[in-house]
Structure formats: structure tokens, C-alpha cells
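A.B. asks: One structure coming up, written as C-alpha cells, with questions to follow.
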Amino acid sequence: METLEKLIGPDDGTADWWQLCIRAALLFVLGLVMLRIAGRRTFARATPLDIVVALILGSNLSRMMTGRAQFLGGLAATLTLVVIHRLAALATLRSPMLARLLKSSPDVLVRDGQVDERAMARHGLSQADLAAGLRLEQLDDLAKVKLATFEGGGRISVVRREPG
């Protein structure tokens, strides 16, 4: 324990510059390990749960890096959070009820070129937001849209109408 404190400095914000550099390097490696444990979906398909975990992870790591939080205690708490997140993600695969609780459900915004204004309002989306989502799919005309869905991760997915 004493060796670790000499290496990374005290947890009271008075670590030397070189100790902060060692903290940063250690936390970089440990952060990568934790992200591997959490899985790629933490950033790939961000649900509200994923976003909260990512924010807390970043906050905890930055506080430990600057010596404003206990290094080992903060690391243990952060790793616990990552493991709980991973277990919750795995549990949603087995429990539809838990999946509904922790994940957002997709919602149809456009069907056969007709906008569902109630769905748009439910998600706080404007016509400009919808137009931006369609442009990302290289579409500029609602008549060409068979289905546009607001996905759980906040993305708008689009199925084009068949020509003709």
C-alpha cells in the first residue's frame, strides 16, 4: 500500500505532476479493461442506462486521476458499476420485463410517408429532427419512406418504399 502511494501520490489532491502522470497511465489502461468488461454496446447503441454508466465512469476516472478521490476505493466502486452494468445487459437478454424497464422501445415516426405527430411529440422531436434523420439516409422526401423508426438508442432508422 505504501509503495502504491509513493507511486501514485496521496488521495488528497496533493500528488506531484509525475504521480498524476502515472495515475493517468494506470487509469487509461484500467479504463480500457473496464470498457472491455462493459462491452462495446456501452457506446455503440447508447441507451439511457449506457449513457449514465459512461458519464459516471468518466467522472470517477477523472476524479481518481487528479487525486480528488481515493484511488483504490474509486477503482473498486467504478469496477463494481461496470460489472453491474454488464450483468444488467445480460439479464435483459433473458427477461423481457427487465428489458422493457431498462431499454427504450422503438417507436414508429413515419409509416407509408405519413408522420405520426403524437410519436414525434412523445419523443420531443421536431420536423427538423426528422428531416435530419432522413437526410442521413440520403432521403429528402417523406413519400419515399415506408417506415421511419425512432430507435432505443436515439437514432432514426429508415426503410425506403420500393420504387414503382
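Convention: chains lettered A, B, ... in C-alpha cells order; per-chain residue numbering from 1; ligands numbered from 1 as shown.
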Determine, using only C-alpha atoms, which residues of range 3-35 of chain A have any atom at most 12 Å from an atom of range 83-98 of chain A, and tabulate each with its shortest atom pair and distance in Å to one decimal place, rows ordered by chain and then rising number, as a tab-separated table.

C.D. replies:
```
residue	atom	partner	partner_atom	distance
A:Val33	CA	A:Val83	CA	11.5
A:Met34	CA	A:Val83	CA	8.5
A:Leu35	CA	A:Arg86	CA	10.0
```

A.B. asks: Take the selection from the previous step and output its residues with N, CA and C atoms, as a PDB file, in the first residue's frame.

C.D. replies:
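This went into result-v2.pdb:
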```
ATOM      1  N   VAL A  33      -9.698  -1.693 -19.812  1.00  0.00           N
ATOM      2  CA  VAL A  33     -10.117  -3.008 -19.304  1.00  0.00           C
ATOM      3  C   VAL A  33     -11.592  -2.963 -18.905  1.00  0.00           C
ATOM      4  N   MET A  34     -11.992  -1.897 -18.203  1.00  0.00           N
ATOM      5  CA  MET A  34     -13.393  -1.791 -17.776  1.00  0.00           C
ATOM      6  C   MET A  34     -14.338  -1.662 -18.970  1.00  0.00           C
ATOM      7  N   LEU A  35     -13.925  -0.931 -19.995  1.00  0.00           N
ATOM      8  CA  LEU A  35     -14.774  -0.823 -21.187  1.00  0.00           C
ATOM      9  C   LEU A  35     -14.895  -2.166 -21.897  1.00  0.00           C
TER      10      LEU A  35
END
```

A.B. asks: For Gly13 in chain A, which residue among A:Phe28, A:Arg160, A:Arg63, A:Ala54 is the nearest when counting only C-alpha atoms?

C.D. replies: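 Going through A:Phe28, A:Arg160, A:Arg63, A:Ala54 one by one, the smallest distance to Gly13 in chain A is for A:Arg63.
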
A.B. asks: Near Phe150 in chain A, counting only C-alpha atoms, which residues have an atom at most 10 Å away, once you skip same-chain residues fewer than 4 positions from it, shown as a list of chain:residue names?

C.D. replies: A:Ser104, A:Ser105, A:Pro106, A:Asp107, A:Val108, A:Leu109, A:Val110, A:Ala119, A:Met120, A:His123, A:Leu125, A:Leu130, A:Gly133, A:Gly154, A:Arg155, A:Ile156, A:Ser157, A:Val158

A.B. asks: Step one, run DSSP on the backbone; step two, keep only residues of range 13-153 of chain A assigned to strand (DSSP E); then write them as an NGL selection string.

C.D. replies: :A and (107-111 or 114-115 or 145-150)

A.B. asks: So that I can check the secondary structure, give me every residue of range 44-136 of chain A assigned helix (DSSP H, G or I) by backbone DSSP, as a PyMOL selection string.

C.D. replies: chain A and resi 44+48-65+71-94+96-102+117-122+127-136

A.B. asks: Could you please take those selected residues and save C-alpha atoms as a PDB file, in the first residue's frame?

C.D. replies:
```
ATOM      1  CA  ALA A  44     -22.281   1.704 -29.859  1.00  0.00           C
ATOM      2  CA  PRO A  48     -30.155   5.875 -21.209  1.00  0.00           C
ATOM      3  CA  LEU A  49     -28.602   3.222 -18.945  1.00  0.00           C
ATOM      4  CA  ASP A  50     -25.454   3.119 -21.100  1.00  0.00           C
ATOM      5  CA  ILE A  51     -25.156   6.910 -21.093  1.00  0.00           C
ATOM      6  CA  VAL A  52     -25.470   7.124 -17.301  1.00  0.00           C
ATOM      7  CA  VAL A  53     -22.823   4.431 -16.840  1.00  0.00           C
ATOM      8  CA  ALA A  54     -20.471   6.151 -19.304  1.00  0.00           C
ATOM      9  CA  LEU A  55     -20.879   9.513 -17.541  1.00  0.00           C
ATOM     10  CA  ILE A  56     -20.268   8.033 -14.094  1.00  0.00           C
ATOM     11  CA  LEU A  57     -17.298   6.046 -15.412  1.00  0.00           C
ATOM     12  CA  GLY A  58     -15.741   9.200 -16.881  1.00  0.00           C
ATOM     13  CA  SER A  59     -16.433  11.230 -13.762  1.00  0.00           C
ATOM     14  CA  ASN A  60     -14.986   8.598 -11.424  1.00  0.00           C
ATOM     15  CA  LEU A  61     -11.879   8.095 -13.549  1.00  0.00           C
ATOM     16  CA  SER A  62     -11.211  11.832 -13.799  1.00  0.00           C
ATOM     17  CA  ARG A  63     -11.567  12.327 -10.027  1.00  0.00           C
ATOM     18  CA  MET A  64      -9.186   9.436  -9.362  1.00  0.00           C
ATOM     19  CA  MET A  65      -6.754  10.769 -11.957  1.00  0.00           C
ATOM     20  CA  PHE A  71      -7.638   5.689  -5.977  1.00  0.00           C
ATOM     21  CA  LEU A  72      -8.325   2.108  -4.884  1.00  0.00           C
ATOM     22  CA  GLY A  73     -11.769   2.861  -3.441  1.00  0.00           C
ATOM     23  CA  GLY A  74     -12.788   4.747  -6.574  1.00  0.00           C
ATOM     24  CA  LEU A  75     -11.432   1.977  -8.762  1.00  0.00           C
ATOM     25  CA  ALA A  76     -13.386  -0.648  -6.815  1.00  0.00           C
ATOM     26  CA  ALA A  77     -16.597   1.409  -6.997  1.00  0.00           C
ATOM     27  CA  THR A  78     -16.181   2.042 -10.724  1.00  0.00           C
ATOM     28  CA  LEU A  79     -15.432  -1.601 -11.464  1.00  0.00           C
ATOM     29  CA  THR A  80     -18.499  -2.597  -9.428  1.00  0.00           C
ATOM     30  CA  LEU A  81     -20.626  -0.249 -11.533  1.00  0.00           C
ATOM     31  CA  VAL A  82     -19.209  -1.690 -14.763  1.00  0.00           C
ATOM     32  CA  VAL A  83     -19.887  -5.261 -13.629  1.00  0.00           C
ATOM     33  CA  ILE A  84     -23.458  -4.364 -12.582  1.00  0.00           C
ATOM     34  CA  HIS A  85     -23.990  -2.727 -15.988  1.00  0.00           C
ATOM     35  CA  ARG A  86     -22.703  -5.818 -17.768  1.00  0.00           C
ATOM     36  CA  LEU A  87     -24.866  -8.143 -15.656  1.00  0.00           C
ATOM     37  CA  ALA A  88     -27.922  -5.937 -16.263  1.00  0.00           C
ATOM     38  CA  ALA A  89     -27.272  -6.063 -20.019  1.00  0.00           C
ATOM     39  CA  LEU A  90     -27.019  -9.860 -19.897  1.00  0.00           C
ATOM     40  CA  ALA A  91     -30.129 -10.108 -17.710  1.00  0.00           C
ATOM     41  CA  THR A  92     -32.171  -8.129 -20.254  1.00  0.00           C
ATOM     42  CA  LEU A  93     -31.482 -10.904 -22.767  1.00  0.00           C
ATOM     43  CA  ARG A  94     -33.283 -13.371 -20.503  1.00  0.00           C
ATOM     44  CA  PRO A  96     -38.349  -9.256 -21.399  1.00  0.00           C
ATOM     45  CA  MET A  97     -39.799  -7.400 -18.397  1.00  0.00           C
ATOM     46  CA  LEU A  98     -36.353  -6.184 -17.320  1.00  0.00           C
ATOM     47  CA  ALA A  99     -35.531  -5.292 -20.935  1.00  0.00           C
ATOM     48  CA  ARG A 100     -38.654  -3.095 -21.122  1.00  0.00           C
ATOM     49  CA  LEU A 101     -37.665  -1.439 -17.853  1.00  0.00           C
ATOM     50  CA  LEU A 102     -34.029  -0.719 -18.753  1.00  0.00           C
ATOM     51  CA  GLU A 117     -47.255  13.627 -34.827  1.00  0.00           C
ATOM     52  CA  ARG A 118     -48.091  12.031 -31.461  1.00  0.00           C
ATOM     53  CA  ALA A 119     -44.992   9.810 -31.631  1.00  0.00           C
ATOM     54  CA  MET A 120     -42.901  12.829 -32.610  1.00  0.00           C
ATOM     55  CA  ALA A 121     -44.253  14.794 -29.624  1.00  0.00           C
ATOM     56  CA  ARG A 122     -43.712  11.847 -27.240  1.00  0.00           C
ATOM     57  CA  GLN A 127     -39.868  18.180 -38.157  1.00  0.00           C
ATOM     58  CA  ALA A 128     -36.279  19.414 -38.494  1.00  0.00           C
ATOM     59  CA  ASP A 129     -35.058  16.453 -36.387  1.00  0.00           C
ATOM     60  CA  LEU A 130     -36.968  14.048 -38.625  1.00  0.00           C
ATOM     61  CA  ALA A 131     -35.647  15.738 -41.765  1.00  0.00           C
ATOM     62  CA  ALA A 132     -32.085  15.441 -40.424  1.00  0.00           C
ATOM     63  CA  GLY A 133     -32.609  11.719 -39.750  1.00  0.00           C
ATOM     64  CA  LEU A 134     -33.928  11.219 -43.277  1.00  0.00           C
ATOM     65  CA  ARG A 135     -31.010  13.144 -44.797  1.00  0.00           C
ATOM     66  CA  LEU A 136     -28.601  10.779 -43.043  1.00  0.00           C
TER      67      LEU A 136
END
```

A.B. asks: Set the distance at 10 Å and use only C-alpha atoms: which residues neighbour Cys21 in chain A once local chain neighbours fewer than 6 positions away are removed? I'd like the list as a short mmCIF file (atom, residue, chain, number, x, y, z; two decimals) with C-alpha atoms, in the first residue's frame.

C.D. replies:
```
data_model
loop_
_atom_site.label_atom_id
_atom_site.label_comp_id
_atom_site.auth_asym_id
_atom_site.auth_seq_id
_atom_site.Cartn_x
_atom_site.Cartn_y
_atom_site.Cartn_z
CA ILE A 8 0.64 7.49 -7.49
CA ALA A 15 0.15 14.43 -5.78
CA LEU A 27 -6.34 4.72 -15.31
CA MET A 65 -6.75 10.77 -11.96
CA THR A 66 -6.49 14.17 -10.30
#
```

A.B. asks: Ranking A:Thr47, A:Thr14, A:Gln114, A:Gln70 by minimum distance to Lys146 in chain A and counting only C-alpha atoms, which one comes first?

C.D. replies: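 Result for the nearest residue to Lys146 in chain A: A:Gln114.
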
A.B. asks: In Å to one decimal, how far is CA of Leu32 in chain A from CA of Lys6 in chain A?

C.D. replies: 23.9 Å

A.B. asks: Rounded to one decimal in Å, what is the spacing between CA of Arg161 in chain A and CA of Lys144 in chain A?

C.D. replies: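 Between these atoms lies a distance of 5.3 Å.
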